[in-house]
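**Q** My file is protein.csv. It has CSV, C-alpha atoms and all ligand atoms:
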```csv
chain,number,residue,atom,x,y,z
A,1,MET,CA,-8.9,23.7,5.4
A,2,ALA,CA,-12.2,22.9,7.0
A,3,ALA,CA,-14.1,25.4,9.1
A,4,ASN,CA,-17.2,26.2,11.0
A,5,SER,CA,-19.4,28.2,8.6
A,6,SER,CA,-21.3,31.4,9.0
A,7,ILE,CA,-23.6,30.4,6.1
A,8,GLU,CA,-27.1,30.3,7.7
A,9,TRP,CA,-28.1,26.9,6.1
A,10,THR,CA,-25.1,24.8,7.0
A,11,GLU,CA,-22.7,24.2,9.9
A,12,ALA,CA,-19.3,23.5,8.3
A,13,THR,CA,-17.6,23.7,5.0
A,14,TRP,CA,-15.3,21.1,3.4
A,15,ASN,CA,-13.3,21.9,0.2
A,16,PRO,CA,-11.7,18.9,-1.4
A,17,VAL,CA,-11.5,21.1,-4.6
A,18,THR,CA,-10.8,24.8,-4.7
A,19,GLY,CA,-11.1,27.3,-7.5
A,20,CYS,CA,-13.6,27.5,-10.3
A,21,THR,CA,-14.6,29.4,-13.6
A,22,LYS,CA,-17.6,31.5,-14.1
A,23,ILE,CA,-20.5,29.9,-16.0
A,24,SER,CA,-23.6,32.1,-15.7
A,25,PRO,CA,-24.7,35.5,-14.4
A,26,GLY,CA,-25.0,34.3,-10.8
A,27,CYS,CA,-21.2,33.9,-10.8
A,28,LYS,CA,-20.6,37.6,-11.6
A,29,ASN,CA,-19.7,38.7,-8.0
A,30,CYS,CA,-18.5,35.2,-6.9
A,31,TYR,CA,-17.8,35.2,-3.2
A,32,ALA,CA,-15.4,32.2,-3.5
A,33,GLU,CA,-13.3,34.1,-6.0
A,34,LYS,CA,-12.9,37.1,-3.6
A,35,MET,CA,-12.1,34.7,-0.7
A,36,ALA,CA,-9.6,32.7,-2.7
A,37,LYS,CA,-7.7,35.8,-3.6
A,38,ARG,CA,-7.7,37.0,0.0
A,39,LEU,CA,-6.5,33.6,1.3
A,40,LYS,CA,-3.8,33.4,-1.3
A,41,ALA,CA,-2.6,36.8,-0.2
A,42,MET,CA,-2.6,35.5,3.4
A,43,GLY,CA,-0.3,32.6,2.4
A,44,GLN,CA,-2.9,29.9,2.9
A,45,ARG,CA,-1.4,26.7,1.5
A,46,ASN,CA,-4.6,25.4,-0.2
A,47,TYR,CA,-5.0,28.7,-2.1
A,48,LYS,CA,-1.5,29.1,-3.5
A,49,ASN,CA,-3.2,28.9,-7.0
A,50,GLY,CA,-5.8,31.5,-6.0
A,51,PHE,CA,-9.1,30.8,-7.8
A,52,LYS,CA,-7.6,28.4,-10.4
A,53,LEU,CA,-9.3,25.1,-10.2
A,54,THR,CA,-7.2,22.8,-7.9
A,55,LEU,CA,-7.8,19.3,-6.5
A,56,GLN,CA,-6.9,19.1,-2.8
A,57,PRO,CA,-6.5,15.3,-2.3
A,58,HIS,CA,-5.0,15.8,1.2
A,59,MET,CA,-8.4,17.2,2.2
A,60,LEU,CA,-10.4,14.1,1.1
A,61,GLU,CA,-10.5,12.3,4.4
A,62,VAL,CA,-11.0,15.3,6.7
A,63,PRO,CA,-14.8,14.7,7.4
A,64,LEU,CA,-13.9,11.2,8.6
A,65,ARG,CA,-11.9,12.8,11.4
A,66,TRP,CA,-14.8,15.0,12.5
A,67,LYS,CA,-16.5,12.8,15.1
A,68,LYS,CA,-19.3,15.1,15.9
A,69,PRO,CA,-22.2,14.8,13.4
A,70,GLN,CA,-22.5,18.0,11.3
A,71,THR,CA,-24.2,19.4,8.3
A,72,ILE,CA,-21.4,20.1,5.8
A,73,PHE,CA,-21.5,22.2,2.7
A,74,VAL,CA,-19.2,20.5,0.2
A,75,ASN,CA,-17.0,22.8,-2.0
A,76,SER,CA,-18.1,26.2,-0.8
A,77,MET,CA,-15.0,27.4,-2.7
A,78,SER,CA,-15.6,25.6,-6.0
A,79,ASP,CA,-18.1,23.5,-8.0
A,80,LEU,CA,-17.5,19.8,-7.6
A,81,PHE,CA,-19.0,19.1,-11.1
A,82,HIS,CA,-16.7,21.5,-12.9
A,83,LYS,CA,-15.5,19.9,-16.2
A,84,ASP,CA,-11.9,19.8,-14.9
A,85,VAL,CA,-12.7,17.7,-11.9
A,86,PRO,CA,-12.2,14.1,-13.1
A,87,LEU,CA,-15.0,11.6,-12.5
A,88,GLU,CA,-12.7,9.4,-10.5
A,89,TYR,CA,-12.0,12.2,-8.1
A,90,ILE,CA,-15.7,13.0,-7.7
A,91,GLN,CA,-16.3,9.3,-7.0
A,92,GLU,CA,-13.7,9.6,-4.2
A,93,VAL,CA,-15.5,12.6,-2.7
A,94,PHE,CA,-18.7,10.6,-2.8
A,95,TYR,CA,-17.1,7.6,-1.3
A,96,VAL,CA,-15.8,9.7,1.7
A,97,MET,CA,-19.4,11.1,2.1
A,98,LYS,CA,-20.8,7.6,2.2
A,99,ARG,CA,-18.2,6.4,4.7
A,100,ALA,CA,-18.8,9.5,6.9
A,101,HIS,CA,-22.5,8.5,7.3
A,102,TRP,CA,-22.9,10.4,10.6
A,103,HIS,CA,-22.6,13.7,8.8
A,104,ARG,CA,-25.1,15.3,6.4
A,105,PHE,CA,-23.5,16.6,3.2
A,106,GLN,CA,-24.9,19.4,1.0
A,107,VAL,CA,-23.5,19.4,-2.5
A,108,LEU,CA,-24.4,22.3,-4.8
A,109,THR,CA,-23.6,22.8,-8.4
A,110,LYS,CA,-24.4,25.0,-11.4
A,111,ARG,CA,-23.0,22.3,-13.7
A,112,ALA,CA,-26.3,20.4,-13.6
A,113,ASP,CA,-25.9,18.9,-17.1
A,114,ARG,CA,-22.6,17.2,-16.0
A,115,LEU,CA,-24.3,16.2,-12.7
A,116,GLU,CA,-27.0,14.3,-14.5
A,117,GLU,CA,-24.5,12.7,-16.9
A,118,ILE,CA,-22.3,11.2,-14.2
A,119,ALA,CA,-25.0,10.7,-11.5
A,120,PRO,CA,-25.4,7.0,-12.5
A,121,PHE,CA,-21.8,6.4,-11.6
A,122,LEU,CA,-22.1,7.8,-8.1
A,123,ALA,CA,-23.5,6.3,-4.9
A,124,TRP,CA,-26.4,8.2,-3.4
A,125,PRO,CA,-26.8,7.3,0.3
A,126,PRO,CA,-29.4,9.3,2.3
A,127,ASN,CA,-26.8,11.6,4.0
A,128,ILE,CA,-26.0,13.3,0.6
A,129,TRP,CA,-28.3,16.2,-0.3
A,130,MET,CA,-27.8,17.3,-3.8
A,131,GLY,CA,-28.7,20.8,-5.0
A,132,VAL,CA,-28.5,23.1,-8.0
A,133,SER,CA,-28.2,26.9,-8.1
A,134,VAL,CA,-30.8,28.7,-10.2
A,135,GLU,CA,-30.6,32.5,-10.3
A,136,SER,CA,-33.2,33.2,-13.0
A,137,GLN,CA,-35.8,31.7,-15.3
A,138,ASP,CA,-33.0,31.2,-17.9
A,139,HIS,CA,-31.5,28.5,-15.8
A,140,VAL,CA,-34.5,26.5,-14.5
A,141,SER,CA,-33.5,23.6,-16.8
A,142,ARG,CA,-30.9,22.8,-14.1
A,143,ILE,CA,-33.8,21.7,-11.9
A,144,ASP,CA,-34.8,19.1,-14.5
A,145,HIS,CA,-31.3,17.7,-14.6
A,146,LEU,CA,-31.3,17.4,-10.7
A,147,ARG,CA,-34.7,15.8,-10.8
A,148,ARG,CA,-33.4,13.0,-13.0
A,149,THR,CA,-30.7,11.9,-10.5
A,150,ASP,CA,-31.1,9.3,-7.7
A,151,ALA,CA,-30.2,11.8,-5.0
A,152,GLN,CA,-32.5,11.1,-2.1
A,153,THR,CA,-32.8,14.7,-1.0
A,154,LYS,CA,-32.9,17.3,-3.7
A,155,PHE,CA,-32.7,21.1,-3.1
A,156,LEU,CA,-32.5,24.4,-4.9
A,157,SER,CA,-30.3,27.4,-4.0
A,158,LEU,CA,-32.1,30.4,-5.6
A,159,GLU,CA,-29.2,32.7,-4.8
A,160,PRO,CA,-28.3,35.3,-5.8
A,161,LEU,CA,-31.8,35.6,-7.0
A,162,LEU,CA,-31.7,37.8,-10.2
A,163,GLY,CA,-35.2,37.5,-11.5
A,164,SER,CA,-38.7,36.2,-10.7
A,165,LEU,CA,-39.2,32.4,-11.0
A,166,GLU,CA,-42.8,31.6,-12.1
A,167,ASN,CA,-44.6,28.3,-12.1
A,168,LEU,CA,-41.6,26.2,-11.0
A,169,ASP,CA,-42.1,22.4,-11.3
A,170,LEU,CA,-41.4,21.4,-7.7
A,171,SER,CA,-42.0,17.6,-8.2
A,172,GLY,CA,-39.2,15.6,-6.6
A,173,ILE,CA,-37.6,18.7,-5.0
A,174,ASP,CA,-37.5,18.8,-1.2
A,175,TRP,CA,-36.1,22.2,-0.2
A,176,ALA,CA,-35.4,25.7,-1.4
A,177,ILE,CA,-33.0,28.4,-0.2
A,178,VAL,CA,-33.6,31.9,-1.4
A,179,GLY,CA,-31.2,34.8,-0.9
A,180,GLY,CA,-30.2,38.2,-2.3
A,181,GLU,CA,-26.7,39.2,-3.4
A,182,SER,CA,-24.6,41.1,-0.8
A,183,GLY,CA,-21.6,43.4,-1.1
A,184,PHE,CA,-20.8,46.7,-2.8
A,185,LYS,CA,-21.9,45.5,-6.2
A,186,ALA,CA,-25.0,43.6,-5.1
A,187,ARG,CA,-27.8,43.4,-7.6
A,188,PRO,CA,-31.3,44.2,-6.2
A,189,MET,CA,-33.8,41.6,-5.3
A,190,PRO,CA,-37.4,43.0,-5.2
A,191,ALA,CA,-39.7,41.5,-2.5
A,192,ASP,CA,-42.2,40.3,-5.0
A,193,TRP,CA,-39.7,37.9,-6.5
A,194,VAL,CA,-39.1,36.4,-3.0
A,195,ASN,CA,-42.8,36.3,-2.1
A,196,GLY,CA,-43.6,34.6,-5.4
A,197,ILE,CA,-41.3,31.8,-4.7
A,198,LYS,CA,-42.2,31.5,-1.0
A,199,ASP,CA,-45.9,31.3,-1.9
A,200,GLN,CA,-45.2,28.5,-4.4
A,201,TRP,CA,-43.3,26.6,-1.7
A,202,VAL,CA,-45.7,27.1,1.1
A,203,ASP,CA,-48.7,26.2,-1.1
A,204,ALA,CA,-47.0,23.0,-1.9
A,205,GLY,CA,-46.3,22.3,1.8
A,206,MET,CA,-42.6,22.2,1.3
A,207,ALA,CA,-39.6,23.4,3.3
A,208,PHE,CA,-38.5,27.0,2.6
A,209,PHE,CA,-35.4,28.8,3.8
A,210,PHE,CA,-34.9,32.5,3.4
A,211,LYS,CA,-31.3,33.3,3.8
A,212,GLN,CA,-31.1,37.1,3.5
A,213,TRP,CA,-32.2,40.2,1.6
A,214,GLY,CA,-28.5,41.0,1.0
A,215,GLY,CA,-27.6,44.4,-0.5
A,216,VAL,CA,-24.7,46.7,0.5
A,217,GLN,CA,-25.8,46.6,4.1
A,218,LYS,CA,-26.5,42.9,4.5
A,219,LYS,CA,-26.7,42.9,8.3
A,220,ARG,CA,-29.1,45.9,8.4
A,221,ASN,CA,-31.4,44.4,5.8
A,222,GLY,CA,-31.6,41.2,7.7
A,223,ARG,CA,-33.5,38.1,6.9
A,224,GLU,CA,-37.1,38.5,7.9
A,225,LEU,CA,-39.8,38.0,5.4
A,226,GLU,CA,-43.3,39.1,6.2
A,227,GLY,CA,-42.3,39.6,9.8
A,228,ARG,CA,-40.6,36.3,10.5
A,229,THR,CA,-37.6,34.2,9.7
A,230,TRP,CA,-37.9,31.1,7.5
A,231,ASP,CA,-35.5,28.5,8.5
A,232,GLU,CA,-37.3,25.3,7.4
A,233,MET,CA,-35.2,22.3,6.5
A,234,PRO,CA,-36.3,19.2,4.5
A,235,ALA,CA,-37.6,16.2,6.4
A,236,LEU,CA,-34.4,14.3,7.4
A,237,ALA,CA,-33.8,11.2,5.5
A,238,ASN,CA,-30.9,10.2,7.8
A,301,LIG,S1,-20.0,28.2,-10.0
A,301,LIG,FE1,-20.0,29.0,-7.9
A,301,LIG,S2,-17.8,28.9,-7.3
A,301,LIG,FE2,-17.9,28.7,-9.6
A,301,LIG,S3,-17.6,30.8,-10.3
A,301,LIG,FE3,-19.8,30.4,-10.2
A,301,LIG,S4,-20.5,31.2,-8.2
A,301,LIG,FE4,-18.2,31.0,-8.2
```
Here is a file; write its structure as structure tokens.
**A**
Amino acid sequence: MAANSSIEWTEATWNPVTGCTKISPGCKNCYAEKMAKRLKAMGQRNYKNGFKLTLQPHMLEVPLRWKKPQTIFVNSMSDLFHKDVPLEYIQEVFYVMKRAHWHRFQVLTKRADRLEEIAPFLAWPPNIWMGVSVESQDHVSRIDHLRRTDAQTKFLSLEPLLGSLENLDLSGIDWAIVGGESGFKARPMPADWVNGIKDQWVDAGMAFFFKQWGGVQKKRNGRELEGRTWDEMPALAN
């Protein structure tokens, strides 16, 4: 399945892998888990295993068939660097992204240690943006793993933000997305956490994207910060 996306910072999603396992507090209310169960109940073929990690090789070449250039979030329903995704399969995903050079691919992981470990065995053309998720200070080491890869555009997804992030080392990082958790069990995100990060980014002259306040009433809470929206993107390398 490939689809236009309602995620504010991308245009489409592509899932050559589905399913995952939880690895840190940011995973607690995983949206992909809820969606996978719903899609299984609806009888969607790619989700017959629900949220169990499943390779979807028939999905590998889908972006090559999309002729219109798009920004594509890779594996919105999984984590490409999960330990059960073989290196050879990850290499195939990267090979498709390289061949589909007219698109821009956004790959995001919480398995930053495995990312760094296998990054030397992957090709890093400019149309692949690589990001790590960091929900709190306990996980900032993921940024160091990302920094040590050869990805040409590097970004952070600070979502769901679960704590303040002080004195981040921004060297080598191009972009940050910040967002609060949404849904009935959403954990709160005080404004000073968001402002603290935004100030670090703006002071450094870097691209900042504020996705949402989140909460139970996500739409009502909106996505304005200090009276405006923040939709900045990194300088385009491709
Ligand atoms: S890593 Fe992402 S997809 Fe996997 S369980 Fe955590 S939040 Fe869900």
**Q** Between A:Arg148, A:Arg65, A:Lys83, A:His101, which one has atoms that come closest to Ala119 in chain A, using all atoms listed in the file?
**A**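 Smallest distance to Ala119 in chain A is found for A:Arg148.
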**Q** Which protein, DNA or RNA residues have an atom within 12 Å of ligand LIG 301 (chain A), counting all atoms listed in the file, as an mmCIF file with C-alpha atoms, keeping the file's coordinate frame?
**A**
```
data_model
loop_
_atom_site.group_PDB
_atom_site.id
_atom_site.type_symbol
_atom_site.label_atom_id
_atom_site.label_comp_id
_atom_site.auth_asym_id
_atom_site.auth_seq_id
_atom_site.Cartn_x
_atom_site.Cartn_y
_atom_site.Cartn_z
ATOM 1 C CA ASN A 15 -13.300 21.900 0.200
ATOM 2 C CA VAL A 17 -11.500 21.100 -4.600
ATOM 3 C CA THR A 18 -10.800 24.800 -4.700
ATOM 4 C CA GLY A 19 -11.100 27.300 -7.500
ATOM 5 C CA CYS A 20 -13.600 27.500 -10.300
ATOM 6 C CA THR A 21 -14.600 29.400 -13.600
ATOM 7 C CA LYS A 22 -17.600 31.500 -14.100
ATOM 8 C CA ILE A 23 -20.500 29.900 -16.000
ATOM 9 C CA SER A 24 -23.600 32.100 -15.700
ATOM 10 C CA PRO A 25 -24.700 35.500 -14.400
ATOM 11 C CA GLY A 26 -25.000 34.300 -10.800
ATOM 12 C CA CYS A 27 -21.200 33.900 -10.800
ATOM 13 C CA LYS A 28 -20.600 37.600 -11.600
ATOM 14 C CA ASN A 29 -19.700 38.700 -8.000
ATOM 15 C CA CYS A 30 -18.500 35.200 -6.900
ATOM 16 C CA TYR A 31 -17.800 35.200 -3.200
ATOM 17 C CA ALA A 32 -15.400 32.200 -3.500
ATOM 18 C CA GLU A 33 -13.300 34.100 -6.000
ATOM 19 C CA LYS A 34 -12.900 37.100 -3.600
ATOM 20 C CA MET A 35 -12.100 34.700 -0.700
ATOM 21 C CA ALA A 36 -9.600 32.700 -2.700
ATOM 22 C CA PHE A 51 -9.100 30.800 -7.800
ATOM 23 C CA LYS A 52 -7.600 28.400 -10.400
ATOM 24 C CA LEU A 53 -9.300 25.100 -10.200
ATOM 25 C CA VAL A 74 -19.200 20.500 0.200
ATOM 26 C CA ASN A 75 -17.000 22.800 -2.000
ATOM 27 C CA SER A 76 -18.100 26.200 -0.800
ATOM 28 C CA MET A 77 -15.000 27.400 -2.700
ATOM 29 C CA SER A 78 -15.600 25.600 -6.000
ATOM 30 C CA ASP A 79 -18.100 23.500 -8.000
ATOM 31 C CA LEU A 80 -17.500 19.800 -7.600
ATOM 32 C CA PHE A 81 -19.000 19.100 -11.100
ATOM 33 C CA HIS A 82 -16.700 21.500 -12.900
ATOM 34 C CA LYS A 83 -15.500 19.900 -16.200
ATOM 35 C CA ASP A 84 -11.900 19.800 -14.900
ATOM 36 C CA VAL A 107 -23.500 19.400 -2.500
ATOM 37 C CA LEU A 108 -24.400 22.300 -4.800
ATOM 38 C CA THR A 109 -23.600 22.800 -8.400
ATOM 39 C CA LYS A 110 -24.400 25.000 -11.400
ATOM 40 C CA ARG A 111 -23.000 22.300 -13.700
ATOM 41 C CA ALA A 112 -26.300 20.400 -13.600
ATOM 42 C CA VAL A 132 -28.500 23.100 -8.000
ATOM 43 C CA SER A 133 -28.200 26.900 -8.100
ATOM 44 C CA VAL A 134 -30.800 28.700 -10.200
ATOM 45 C CA GLU A 135 -30.600 32.500 -10.300
ATOM 46 C CA SER A 157 -30.300 27.400 -4.000
ATOM 47 C CA LEU A 158 -32.100 30.400 -5.600
ATOM 48 C CA GLU A 159 -29.200 32.700 -4.800
ATOM 49 C CA PRO A 160 -28.300 35.300 -5.800
ATOM 50 C CA GLU A 181 -26.700 39.200 -3.400
#
```
**Q** Can you work out which one of A:Gly227, A:Pro86, A:Pro126, A:Gly172 has the shortest atom-to-atom distance to Ile143 in chain A, counting all atoms listed in the file?
**A**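 Result for the nearest residue to Ile143 in chain A: A:Gly172.
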**Q** Check the smallest atom-to-atom distance from each of A:Ala100, A:Leu170, A:Leu161, A:Ile72 to Val194 in chain A using only C-alpha atoms, then report the winner.
**A**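 For Val194 in chain A, the nearest of the given residues is A:Leu161.
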**Q** Compile the contact shell of Thr153 in chain A as a list in words: residues with an atom at most 8 Å away, counting all atoms listed in the file, same-chain residues fewer than 2 positions apart removed.
**A** Pro126, Ile128, Trp129, Met130, Ala151, Phe155, Ile173, Asp174, Pro234 and Ala237 of chain A
**Q** Could you write out the selected residues, including C-alpha atoms, as a PDB file, in the coordinates of the input?
**A**
```
ATOM      1  CA  PRO A 126     -29.400   9.300   2.300  1.00  0.00           C
ATOM      2  CA  ILE A 128     -26.000  13.300   0.600  1.00  0.00           C
ATOM      3  CA  TRP A 129     -28.300  16.200  -0.300  1.00  0.00           C
ATOM      4  CA  MET A 130     -27.800  17.300  -3.800  1.00  0.00           C
ATOM      5  CA  ALA A 151     -30.200  11.800  -5.000  1.00  0.00           C
ATOM      6  CA  PHE A 155     -32.700  21.100  -3.100  1.00  0.00           C
ATOM      7  CA  ILE A 173     -37.600  18.700  -5.000  1.00  0.00           C
ATOM      8  CA  ASP A 174     -37.500  18.800  -1.200  1.00  0.00           C
ATOM      9  CA  PRO A 234     -36.300  19.200   4.500  1.00  0.00           C
ATOM     10  CA  ALA A 237     -33.800  11.200   5.500  1.00  0.00           C
TER      11      ALA A 237
END
```
**Q** So how many Å separate CA of Glu92 in chain A and CA of Trp9 in chain A, to one decimal?
**A**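 Spanning CA of Glu92 in chain A to CA of Trp9 in chain A is a straight-line distance of 24.8 Å.
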